[in-house]
file final04.cif (mmCIF, C-alpha atoms)
data_my_file
#
loop_
_atom_site.label_atom_id
_atom_site.label_comp_id
_atom_site.auth_asym_id
_atom_site.auth_seq_id
_atom_site.Cartn_x
_atom_site.Cartn_y
_atom_site.Cartn_z
CA MET A 285 -41.70 -14.83 100.29
CA PRO A 286 -43.33 -11.88 102.05
CA GLU A 287 -45.60 -12.38 105.01
CA THR A 288 -49.12 -13.44 104.20
CA GLN A 289 -52.37 -12.89 106.06
CA ARG A 290 -55.38 -15.12 105.93
CA GLY A 291 -58.30 -13.53 104.17
CA LYS A 292 -61.38 -14.22 102.10
CA LEU A 293 -62.02 -13.81 98.43
CA LEU A 294 -65.62 -13.11 97.52
CA ARG A 295 -66.84 -13.49 93.98
CA ILE A 296 -70.19 -12.22 92.88
CA HIS A 297 -71.66 -13.22 89.55
CA VAL A 298 -74.35 -10.95 88.19
CA SER A 299 -75.54 -9.80 84.83
CA GLU A 300 -74.68 -6.52 83.19
CA HIS A 301 -78.30 -5.38 82.87
CA ASP A 302 -79.13 -6.02 86.54
CA ARG A 303 -80.01 -2.71 88.13
CA PHE A 304 -80.24 -1.43 91.67
CA ASP A 305 -81.64 1.97 92.58
CA GLY A 306 -81.61 3.02 88.96
CA LYS A 307 -77.96 2.29 88.28
CA PRO A 308 -76.06 -0.81 87.24
CA LEU A 309 -75.99 -3.35 90.05
CA TYR A 310 -72.24 -3.82 89.80
CA GLU A 311 -71.69 -0.10 90.29
CA ALA A 312 -74.02 -0.12 93.28
CA ILE A 313 -72.11 -3.06 94.76
CA VAL A 314 -68.75 -1.33 94.32
CA GLN A 315 -70.17 1.83 95.89
CA LYS A 316 -71.48 -0.19 98.82
CA CYS A 317 -68.06 -1.77 99.26
CA ARG A 318 -66.49 1.67 99.36
CA GLU A 319 -68.98 2.86 101.96
CA MET A 320 -68.16 -0.16 104.09
CA LYS A 321 -64.43 0.47 103.71
CA ILE A 322 -63.84 -2.86 102.03
CA ALA A 323 -60.19 -3.02 100.92
CA GLY A 324 -60.93 -3.26 97.23
CA ALA A 325 -63.28 -4.52 94.56
CA THR A 326 -62.67 -5.27 90.90
CA VAL A 327 -65.34 -5.75 88.25
CA PHE A 328 -64.73 -8.00 85.25
CA LYS A 329 -66.91 -8.41 82.23
CA GLY A 330 -67.26 -11.89 80.77
CA LEU A 331 -67.66 -12.57 77.07
CA GLU A 332 -70.39 -15.13 77.45
CA GLY A 333 -72.04 -17.11 80.19
CA TYR A 334 -75.22 -18.54 81.57
CA GLY A 335 -76.68 -18.80 85.02
CA ARG A 336 -79.65 -19.51 87.20
CA THR A 337 -82.19 -18.00 84.85
CA ALA A 338 -80.75 -20.27 82.16
CA GLU A 339 -80.63 -17.52 79.59
CA ILE A 340 -77.44 -17.05 77.67
CA HIS A 341 -75.69 -13.80 78.48
CA ARG A 342 -73.97 -12.47 75.45
CA SER A 343 -73.40 -9.21 73.69
CA HIS A 344 -76.24 -8.48 71.26
CA LEU A 345 -76.50 -5.95 68.52
CA ILE A 346 -78.99 -3.98 70.52
CA GLY A 347 -78.29 -3.89 74.20
CA HIS A 348 -75.63 -5.71 76.10
CA ASP A 349 -76.24 -8.35 78.66
CA GLN A 350 -72.89 -9.81 79.40
CA PRO A 351 -71.96 -11.64 82.60
CA ILE A 352 -70.25 -9.58 85.29
CA LEU A 353 -67.87 -10.88 87.92
CA ILE A 354 -67.02 -8.79 90.97
CA THR A 355 -63.99 -9.88 92.95
CA ILE A 356 -63.50 -8.64 96.50
CA VAL A 357 -60.62 -9.45 98.82
CA ASP A 358 -60.62 -8.56 102.50
CA SER A 359 -60.40 -10.01 105.99
CA ASP A 360 -62.80 -12.69 107.13
CA SER A 361 -64.78 -10.32 109.37
CA GLN A 362 -65.18 -7.63 106.70
CA VAL A 363 -66.38 -10.14 104.11
CA ARG A 364 -68.80 -11.65 106.63
CA LYS A 365 -70.25 -8.20 107.28
CA LEU A 366 -70.61 -7.56 103.57
CA ILE A 367 -72.33 -10.78 102.54
CA PRO A 368 -75.79 -10.16 104.11
CA ILE A 369 -75.88 -6.65 102.68
CA LEU A 370 -75.04 -7.83 99.19
CA ASP A 371 -77.47 -10.67 99.59
CA ASP A 372 -80.26 -8.10 99.88
CA MET A 373 -79.09 -6.31 96.77
CA LEU A 374 -78.93 -9.39 94.54
CA ASP A 375 -82.05 -10.74 92.85
CA THR A 376 -80.53 -13.47 90.84
CA GLY A 377 -76.86 -14.03 90.98
CA LEU A 378 -74.27 -16.05 92.76
CA MET A 379 -71.81 -15.37 95.53
CA SER A 380 -68.93 -17.64 96.40
CA VAL A 381 -66.31 -17.28 99.12
CA SER A 382 -62.92 -18.92 99.28
CA ASP A 383 -59.98 -18.90 101.68
CA VAL A 384 -56.93 -17.05 100.42
CA GLU A 385 -53.55 -15.84 101.56
CA VAL A 386 -53.18 -12.12 101.05
CA MET A 387 -50.18 -9.90 100.49
CA ARG A 388 -50.60 -6.19 100.12
CA PHE A 389 -48.22 -3.82 98.45
CA GLN A 390 -48.43 -0.09 98.81
CA ARG A 391 -45.25 1.71 97.98
CA SER A 392 -46.44 4.92 96.41
CA LEU A 393 -48.49 7.64 98.04
CA PRO A 394 -52.23 7.08 97.63
CA ASP A 395 -52.79 10.26 95.61
CA GLN A 396 -49.77 9.93 93.37
CA HIS A 397 -51.59 8.24 90.50
CA THR A 398 -54.69 10.32 90.05
CA MET B 10 -27.86 -30.36 75.86
CA LEU B 11 -27.46 -27.72 78.52
CA SER B 12 -30.36 -26.69 80.65
CA LYS B 13 -31.23 -23.45 82.39
CA GLY B 14 -29.64 -22.83 85.75
CA PRO B 15 -26.22 -22.75 87.36
CA ALA B 16 -23.26 -23.75 85.22
CA LYS B 17 -19.52 -23.18 84.96
CA ARG B 18 -17.60 -21.25 82.37
CA VAL B 19 -14.07 -22.42 81.69
CA THR B 20 -11.63 -20.22 79.81
CA ILE B 21 -8.25 -21.54 78.77
CA PHE B 22 -5.56 -19.13 77.57
CA VAL B 23 -2.68 -20.68 75.60
CA ASN B 24 -0.21 -19.65 72.95
CA GLU B 25 -0.96 -20.51 69.39
CA ASP B 26 2.41 -22.18 68.90
CA THR B 27 2.53 -24.20 72.11
CA ARG B 28 2.49 -27.81 71.03
CA HIS B 29 1.16 -30.98 72.48
CA GLY B 30 2.99 -33.81 70.74
CA THR B 31 2.64 -33.07 67.08
CA GLU B 32 -0.44 -30.85 67.16
CA PRO B 33 -1.01 -27.39 68.60
CA LEU B 34 -2.03 -27.42 72.23
CA TRP B 35 -5.24 -25.46 71.58
CA ARG B 36 -6.24 -28.10 69.04
CA ALA B 37 -5.57 -30.87 71.56
CA VAL B 38 -7.71 -29.11 74.15
CA PHE B 39 -10.47 -28.55 71.62
CA ASP B 40 -10.38 -32.18 70.44
CA LEU B 41 -10.57 -33.32 74.03
CA LEU B 42 -13.73 -31.26 74.57
CA VAL B 43 -15.28 -32.68 71.42
CA HIS B 44 -14.30 -36.21 72.38
CA LYS B 45 -15.61 -35.86 75.94
CA ARG B 46 -18.89 -34.43 74.61
CA ALA B 47 -18.72 -31.08 76.30
CA ALA B 48 -21.86 -29.03 75.64
CA GLY B 49 -19.98 -26.73 73.29
CA ALA B 50 -16.69 -24.89 72.97
CA SER B 51 -15.31 -22.02 70.97
CA VAL B 52 -11.78 -21.13 70.09
CA THR B 53 -11.10 -17.46 69.55
CA ARG B 54 -8.02 -15.55 68.65
CA PRO B 55 -7.74 -12.30 70.58
CA ALA B 56 -6.27 -9.40 68.63
CA MET B 57 -3.46 -8.90 71.08
CA GLY B 58 -2.27 -10.21 74.38
CA PHE B 59 0.43 -10.54 76.95
CA GLY B 60 1.03 -13.04 79.68
CA SER B 61 3.36 -13.82 82.51
CA HIS B 62 6.39 -12.65 80.52
CA HIS B 63 4.86 -9.19 79.96
CA LYS B 64 5.70 -9.38 76.28
CA VAL B 65 2.99 -8.11 73.98
CA HIS B 66 2.00 -10.54 71.23
CA SER B 67 0.13 -9.13 68.27
CA PRO B 68 -0.07 -10.00 64.58
CA ASP B 69 0.80 -6.41 63.55
CA MET B 70 4.56 -6.79 63.38
CA GLU B 71 6.74 -9.70 62.45
CA ALA B 72 8.75 -9.23 65.63
CA THR B 73 5.70 -9.70 67.88
CA MET B 74 3.95 -12.29 65.76
CA GLU B 75 5.11 -15.34 67.60
CA HIS B 76 3.27 -16.73 70.62
CA LEU B 77 -0.05 -15.25 69.55
CA PRO B 78 -2.73 -15.83 72.14
CA VAL B 79 -5.57 -18.32 71.68
CA ARG B 80 -8.56 -18.53 73.93
CA ILE B 81 -10.74 -21.63 74.34
CA GLU B 82 -13.98 -21.14 76.14
CA PHE B 83 -16.74 -23.52 77.09
CA ILE B 84 -19.75 -23.57 79.38
CA ASP B 85 -21.08 -26.76 80.88
CA ALA B 86 -22.85 -28.24 83.87
CA PRO B 87 -20.77 -28.13 87.08
CA GLU B 88 -20.44 -31.97 87.16
CA LYS B 89 -19.16 -32.05 83.61
CA VAL B 90 -16.61 -29.35 84.33
CA GLU B 91 -15.44 -31.23 87.43
CA GLU B 92 -15.00 -34.29 85.24
CA LEU B 93 -12.99 -32.45 82.58
CA LEU B 94 -10.80 -30.24 84.75
CA PRO B 95 -8.19 -32.82 85.89
CA THR B 96 -7.50 -33.77 82.27
CA LEU B 97 -7.28 -30.13 81.22
CA TYR B 98 -5.00 -29.42 84.14
CA ASP B 99 -2.57 -32.04 82.90
CA LEU B 100 -2.91 -31.02 79.29
CA VAL B 101 -2.24 -27.28 79.60
CA THR B 102 1.48 -27.23 80.22
CA ASP B 103 1.85 -23.56 79.29
CA GLY B 104 -1.06 -21.21 79.77
CA MET B 105 -3.86 -20.51 82.17
CA ILE B 106 -7.20 -22.10 83.09
CA ASP B 107 -9.91 -20.03 84.66
CA VAL B 108 -13.27 -21.31 85.97
CA GLN B 109 -16.22 -19.06 86.75
CA ASP B 110 -19.69 -19.70 88.08
CA THR B 111 -22.31 -18.65 85.62
CA THR B 112 -26.05 -18.97 85.11
CA ILE B 113 -27.60 -20.20 81.91
CA VAL B 114 -30.61 -18.07 81.18
CA LYS B 115 -31.68 -19.43 77.85
CA VAL B 116 -30.72 -22.32 75.61
CA ALA B 117 -32.54 -22.13 72.31
CA GLN B 118 -32.06 -24.20 69.21
CA LYS B 119 -33.43 -22.86 66.01
CA GLU B 120 -34.56 -26.00 64.22
CA LYS B 121 -35.61 -27.87 67.33
CA LYS B 122 -38.15 -26.91 69.90
CA PRO B 123 -36.54 -24.66 72.48
CA GLN B 124 -35.80 -26.23 75.83
CA ALA B 125 -38.08 -23.78 77.62
CA LYS B 126 -41.06 -25.04 75.64
CA VAL B 127 -40.80 -28.65 76.83
CA PRO B 128 -44.33 -29.74 77.79
CA HIS B 129 -45.17 -28.83 81.33
CA SER B 130 -44.83 -31.80 83.60
CA ARG B 131 -47.55 -30.51 85.93
CA THR B 132 -50.38 -32.95 86.12
CA ALA B 133 -53.89 -32.87 87.48
CA GLY B 134 -53.99 -32.50 91.24
CA ALA B 135 -53.41 -30.00 93.99
CA ALA B 136 -51.97 -26.70 92.87
CA ARG B 137 -52.15 -23.05 93.78
CA LEU B 138 -53.81 -20.11 92.12
CA LEU B 139 -52.17 -16.71 92.32
CA ARG B 140 -54.04 -13.52 91.57
CA ILE B 141 -52.20 -10.25 91.20
CA PHE B 142 -54.25 -7.05 91.15
CA LEU B 143 -52.69 -3.98 89.62
CA GLY B 144 -53.48 -1.03 87.40
CA GLU B 145 -53.29 -1.03 83.64
CA ALA B 146 -51.30 2.22 83.72
CA ASP B 147 -48.66 0.87 86.13
CA LYS B 148 -45.29 0.95 84.45
CA TRP B 149 -42.11 -1.04 84.78
CA HIS B 150 -39.16 0.74 83.19
CA GLY B 151 -41.43 2.30 80.58
CA GLU B 152 -43.44 -0.79 79.62
CA PRO B 153 -46.77 -1.90 81.08
CA LEU B 154 -46.20 -3.61 84.41
CA TYR B 155 -48.58 -6.47 83.64
CA ASP B 156 -46.62 -7.16 80.47
CA ALA B 157 -43.32 -7.10 82.32
CA ILE B 158 -44.61 -9.46 85.01
CA VAL B 159 -45.94 -11.96 82.46
CA LYS B 160 -42.66 -11.88 80.54
CA LYS B 161 -40.68 -12.50 83.71
CA LEU B 162 -42.99 -15.38 84.71
CA ARG B 163 -42.49 -16.91 81.29
CA MET B 164 -38.75 -16.63 81.60
CA GLU B 165 -38.89 -18.43 84.94
CA ASP B 166 -40.92 -21.28 83.42
CA ILE B 167 -44.09 -20.63 85.37
CA ALA B 168 -46.79 -22.80 83.77
CA GLY B 169 -49.05 -20.02 82.55
CA ALA B 170 -50.49 -16.60 83.24
CA THR B 171 -53.62 -14.81 82.06
CA VAL B 172 -54.21 -11.08 82.19
CA TYR B 173 -57.76 -9.84 82.69
CA LYS B 174 -58.87 -6.30 82.19
CA ALA B 175 -61.63 -5.12 84.47
CA ILE B 176 -64.26 -2.50 83.76
CA LEU B 177 -64.41 -0.97 87.23
CA GLY B 178 -62.65 -1.19 90.55
CA TYR B 179 -60.87 0.42 93.45
CA GLY B 180 -58.17 -0.74 95.80
CA ALA B 181 -54.68 0.09 96.97
CA LYS B 182 -54.54 3.46 95.28
CA GLY B 183 -57.84 4.56 96.77
CA HIS B 184 -59.22 5.97 93.55
CA THR B 185 -61.79 4.39 91.32
CA HIS B 186 -60.46 2.90 88.15
CA LYS B 187 -62.91 3.24 85.39
CA GLY B 188 -61.89 1.85 82.08
CA GLN B 189 -63.00 2.65 78.56
CA SER B 190 -64.86 5.82 79.38
CA PHE B 191 -65.35 7.54 76.07
CA LEU B 192 -63.72 10.83 76.89
CA HIS B 193 -60.95 9.55 79.11
CA LEU B 194 -57.78 9.26 77.16
CA ALA B 195 -55.64 8.09 80.04
CA HIS B 196 -56.76 4.53 80.67
CA ASP B 197 -56.16 3.05 84.04
CA SER B 198 -58.45 0.06 84.18
CA PRO B 199 -57.86 -2.43 86.94
CA VAL B 200 -55.98 -5.48 85.72
CA MET B 201 -55.71 -8.92 87.24
CA ILE B 202 -53.11 -11.53 86.40
CA SER B 203 -53.97 -15.08 87.31
CA VAL B 204 -51.36 -17.82 87.49
CA VAL B 205 -51.85 -21.51 88.22
CA ASP B 206 -48.91 -23.73 89.09
CA SER B 207 -47.44 -25.94 91.82
CA ALA B 208 -46.88 -24.49 95.30
CA VAL B 209 -43.13 -24.18 94.71
CA LYS B 210 -43.55 -22.36 91.42
CA ILE B 211 -46.21 -20.05 92.85
CA LYS B 212 -43.82 -19.12 95.63
CA GLN B 213 -41.30 -18.20 92.97
CA ALA B 214 -43.95 -16.20 91.10
CA VAL B 215 -44.87 -14.29 94.27
CA GLU B 216 -41.25 -13.29 94.70
CA ILE B 217 -41.19 -12.00 91.13
CA ALA B 218 -44.38 -10.02 91.66
CA GLU B 219 -43.13 -8.70 94.98
CA GLY B 220 -40.06 -7.25 93.33
CA MET B 221 -42.01 -5.51 90.59
CA LEU B 222 -45.32 -4.35 92.11
CA GLN B 223 -45.58 -0.73 93.17
CA ASP B 224 -48.90 -1.02 94.86
CA GLY B 225 -51.34 -3.79 94.43
CA LEU B 226 -52.62 -6.92 95.95
CA VAL B 227 -51.43 -10.49 95.73
CA VAL B 228 -53.79 -13.29 96.68
CA ILE B 229 -53.10 -17.01 96.75
CA SER B 230 -55.60 -19.83 97.03
CA ASP B 231 -55.47 -23.61 96.89
CA VAL B 232 -56.98 -25.15 93.78
CA ASP B 233 -57.24 -28.51 92.08
CA ILE B 234 -56.11 -28.82 88.50
CA ILE B 235 -58.68 -30.94 86.70
CA ARG B 236 -57.23 -31.10 83.27
CA LEU B 237 -54.08 -29.91 81.62
CA ALA B 238 -53.92 -29.89 77.85
CA HIS B 239 -50.72 -31.27 76.42
CA PRO B 240 -49.07 -30.38 73.14
CA SER B 241 -49.74 -32.65 70.19
CA PRO B 242 -48.12 -36.11 70.35
CA MET B 243 -45.87 -35.31 67.38
CA MET B 244 -44.18 -32.56 69.31
CA GLU B 245 -43.67 -34.88 72.23
CA VAL B 246 -41.90 -37.35 69.97
CA ALA B 247 -39.64 -34.59 68.72
CA ASP B 248 -38.84 -33.67 72.29
CA ALA B 249 -38.10 -37.25 73.24
CA GLY B 250 -35.58 -37.38 70.42
CA ASN B 251 -34.08 -34.18 71.67
CA ALA B 252 -33.76 -35.49 75.20
CA ALA B 253 -32.03 -38.68 74.00
CA ARG B 254 -29.14 -36.71 72.59
#

call {"tool": "encode", "arguments": {"input": "final04.cif", "output": "structure tokens"}}
result
Amino acid sequence: MPETQRGKLLRIHVSEHDRFDGKPLYEAIVQKCREMKIAGATVFKGLEGYGRTAEIHRSHLIGHDQPILITIVDSDSQVRKLIPILDDMLDTGLMSVSDVEVMRFQRSLPDQHT
Amino acid sequence: MLSKGPAKRVTIFVNEDTRHGTEPLWRAVFDLLVHKRAAGASVTRPAMGFGSHHKVHSPDMEATMEHLPVRIEFIDAPEKVEELLPTLYDLVTDGMIDVQDTTIVKVAQKEKKPQAKVPHSRTAGAARLLRIFLGEADKWHGEPLYDAIVKKLRMEDIAGATVYKAILGYGAKGHTHKGQSFLHLAHDSPVMISVVDSAVKIKQAVEIAEGMLQDGLVVISDVDIIRLAHPSPMMEVADAGNAAR
């Protein structure tokens, strides 16, 4: 088994129609992560869900409001730096952090797959 | 019934007309394997052959038709082979016995449930969750990498894997993956594979992923399994019957 590092996994639950500065909140979060040189962020769209506002998020005929999950993995210090910033960006939503072991693989050149 | 894993392959080369008492030697060897409940055996007749005497035996000409070769082959668990070998050693008075280490990759029976599909014995409790982040466009020998990884995990009896497709992301490759954009024909959405199993099995899964990932991220966390759905009771009964054999 390759060497592992201790790290943190941050999950942010928001809704697809949440907006920040005129663009989708999840896009703003990913952009923020990039600015802060966070190792990576991945955005998933859920089929259905519900949350703090107790409304069911689901794809409608007109307009989509599906749940969004953003997964971020980085070192403890990076995630700690990120949390207060994201906290300001989120109106309603949920963030959870868990301890993980991380292995990174980078065998090809960064610009090979553009 | 054989199971996946290390095993031994035994090949016995004899002459068709070598006798053991009143019956052909190959028949005696075969009957012994049946009697001793070896996992299976096959007797084949090679088209031609020669042995220690350097005389070619083939059915083409009457002159070379005698002493035609016969080959008996069976694969069984190492303990079973150890048990059978002394008897075979005594029995084969003229011929050759060869034992090789082999690995059983798959044992499938058509009418019964395949061995690999036996209900998972993992129960509720501590387990590990593995997440593998990769790109949808990553390839493994021409097929999608996520597909190849899931197939390999399945072959190694890892309890289960789920592939998620993301709508946006960035990571090891440094570029933003944006899926399903209307005009983009080349899709490279981020993909995540999640796997839940025991610590030992997750270690095995990490090794599989390590060997196949080009660039990507592998993350492991400790989880508790709350509930594991089992197959229907009828199938379990069928499996119990299978195991009793």

call {"tool": "closest_residue", "arguments": {"input": "final04.cif", "among": "B:Glu82, B:Ala168, B:Lys160, B:Gly144", "to": "chain A", "atoms": "only C-alpha atoms"}}
result
B:Gly144

call {"tool": "atom_distance", "arguments": {"input": "final04.cif", "atom1": "CA of Ile322 (chain A)", "atom2": "CA of Val363 (chain A)"}}
result
8.0 Å

call {"tool": "resolve_selection", "arguments": {"input": "final04.cif", "expression": "the PyMOL selection byres ((chain B) within 8 of (chain A))", "output": "PyMOL selection string"}}
result
chain B and resi 173-184+199+212+215-216+219+222-231

call {"tool": "write_last_selection", "arguments": {"input": "final04.cif", "atoms": "C-alpha atoms", "output": "mmCIF file, keeping the file's coordinate frame"}}
result
data_model
loop_
_atom_site.group_PDB
_atom_site.id
_atom_site.type_symbol
_atom_site.label_atom_id
_atom_site.label_comp_id
_atom_site.auth_asym_id
_atom_site.auth_seq_id
_atom_site.Cartn_x
_atom_site.Cartn_y
_atom_site.Cartn_z
ATOM 1 C CA TYR B 173 -57.760 -9.840 82.690
ATOM 2 C CA LYS B 174 -58.870 -6.300 82.190
ATOM 3 C CA ALA B 175 -61.630 -5.120 84.470
ATOM 4 C CA ILE B 176 -64.260 -2.500 83.760
ATOM 5 C CA LEU B 177 -64.410 -0.970 87.230
ATOM 6 C CA GLY B 178 -62.650 -1.190 90.550
ATOM 7 C CA TYR B 179 -60.870 0.420 93.450
ATOM 8 C CA GLY B 180 -58.170 -0.740 95.800
ATOM 9 C CA ALA B 181 -54.680 0.090 96.970
ATOM 10 C CA LYS B 182 -54.540 3.460 95.280
ATOM 11 C CA GLY B 183 -57.840 4.560 96.770
ATOM 12 C CA HIS B 184 -59.220 5.970 93.550
ATOM 13 C CA PRO B 199 -57.860 -2.430 86.940
ATOM 14 C CA LYS B 212 -43.820 -19.120 95.630
ATOM 15 C CA VAL B 215 -44.870 -14.290 94.270
ATOM 16 C CA GLU B 216 -41.250 -13.290 94.700
ATOM 17 C CA GLU B 219 -43.130 -8.700 94.980
ATOM 18 C CA LEU B 222 -45.320 -4.350 92.110
ATOM 19 C CA GLN B 223 -45.580 -0.730 93.170
ATOM 20 C CA ASP B 224 -48.900 -1.020 94.860
ATOM 21 C CA GLY B 225 -51.340 -3.790 94.430
ATOM 22 C CA LEU B 226 -52.620 -6.920 95.950
ATOM 23 C CA VAL B 227 -51.430 -10.490 95.730
ATOM 24 C CA VAL B 228 -53.790 -13.290 96.680
ATOM 25 C CA ILE B 229 -53.100 -17.010 96.750
ATOM 26 C CA SER B 230 -55.600 -19.830 97.030
ATOM 27 C CA ASP B 231 -55.470 -23.610 96.890
#

call {"tool": "atom_distance", "arguments": {"input": "final04.cif", "atom1": "CA of Leu100 (chain B)", "atom2": "CA of Glu25 (chain B)"}}
result
14.6 Å

call {"tool": "atom_distance", "arguments": {"input": "final04.cif", "atom1": "CA of Pro33 (chain B)", "atom2": "CA of His76 (chain B)"}}
result
11.7 Å

call {"tool": "closest_residue", "arguments": {"input": "final04.cif", "among": "B:Ile235, B:Ala157, B:Met201, B:Ile84", "to": "Pro15 (chain B)", "atoms": "all atoms listed in the file"}}
result
B:Ile84

call {"tool": "residues_around", "arguments": {"input": "final04.cif", "residues": "Arg303 (chain A)", "least_positions_apart": "2", "cutoff": "12 Å", "atoms": "all atoms listed in the file", "output": "VMD selection string"}}
result
chain A and resid 298 to 301 305 to 313 349 373 to 376

call {"tool": "resolve_selection", "arguments": {"input": "final04.cif", "expression": "the PyMOL selection byres ((chain B and resi 148) around 12)", "output": "short mmCIF file (atom, residue, chain, number, x, y, z; two decimals) with C-alpha atoms, keeping the file's coordinate frame"}}
result
data_model
loop_
_atom_site.label_atom_id
_atom_site.label_comp_id
_atom_site.auth_asym_id
_atom_site.auth_seq_id
_atom_site.Cartn_x
_atom_site.Cartn_y
_atom_site.Cartn_z
CA HIS A 397 -51.59 8.24 90.50
CA LEU B 143 -52.69 -3.98 89.62
CA GLY B 144 -53.48 -1.03 87.40
CA GLU B 145 -53.29 -1.03 83.64
CA ALA B 146 -51.30 2.22 83.72
CA ASP B 147 -48.66 0.87 86.13
CA TRP B 149 -42.11 -1.04 84.78
CA HIS B 150 -39.16 0.74 83.19
CA GLY B 151 -41.43 2.30 80.58
CA GLU B 152 -43.44 -0.79 79.62
CA PRO B 153 -46.77 -1.90 81.08
CA LEU B 154 -46.20 -3.61 84.41
CA TYR B 155 -48.58 -6.47 83.64
CA ASP B 156 -46.62 -7.16 80.47
CA ALA B 157 -43.32 -7.10 82.32
CA ILE B 158 -44.61 -9.46 85.01
CA ASP B 197 -56.16 3.05 84.04
CA MET B 221 -42.01 -5.51 90.59
CA LEU B 222 -45.32 -4.35 92.11
CA GLN B 223 -45.58 -0.73 93.17
CA ASP B 224 -48.90 -1.02 94.86
#

call {"tool": "closest_residue", "arguments": {"input": "final04.cif", "among": "B:Arg54, B:Thr171, B:Arg137, B:Leu162", "to": "Asp206 (chain B)", "atoms": "only C-alpha atoms"}}
result
B:Arg137

call {"tool": "residues_around", "arguments": {"input": "final04.cif", "residues": "Gln109 (chain B)", "least_positions_apart": "2", "cutoff": "12 Å", "atoms": "only C-alpha atoms", "output": "MDAnalysis selection string"}}
result
chainID B and resid 15:21 82:87 90 106:107 111:112

call {"tool": "axis_aligned_box", "arguments": {"input": "final04.cif", "around": "region 377-386 of chain A", "padding_each_side": "8 Å", "output": "JSON"}}
result
{"center_x": -65.0, "center_y": -15.5, "center_z": 96.3, "size_x": 39.7, "size_y": 22.8, "size_z": 26.7}

call {"tool": "closest_residue", "arguments": {"input": "final04.cif", "among": "A:Val381, A:Leu294, A:Ile369, A:Leu331", "to": "Glu319 (chain A)", "atoms": "only C-alpha atoms"}}
result
A:Ile369

call {"tool": "resolve_selection", "arguments": {"input": "final04.cif", "expression": "the PyMOL selection byres ((chain B and resi 38) around 9)", "output": "MDAnalysis selection string"}}
result
chainID B and resid 21 33:37 39:43 81 97 100:101

call {"tool": "closest_residue", "arguments": {"input": "final04.cif", "among": "B:Gly60, B:Gly169, B:Pro95, B:Gly30", "to": "Ser203 (chain B)", "atoms": "all atoms listed in the file"}}
result
B:Gly169

call {"tool": "residues_near_point", "arguments": {"input": "final04.cif", "point": "(-7.0, -10.5, 73.4)", "cutoff": "8 Å", "atoms": "all atoms listed in the file", "output": "NGL selection string"}}
result
:B and (54-58 or 78)
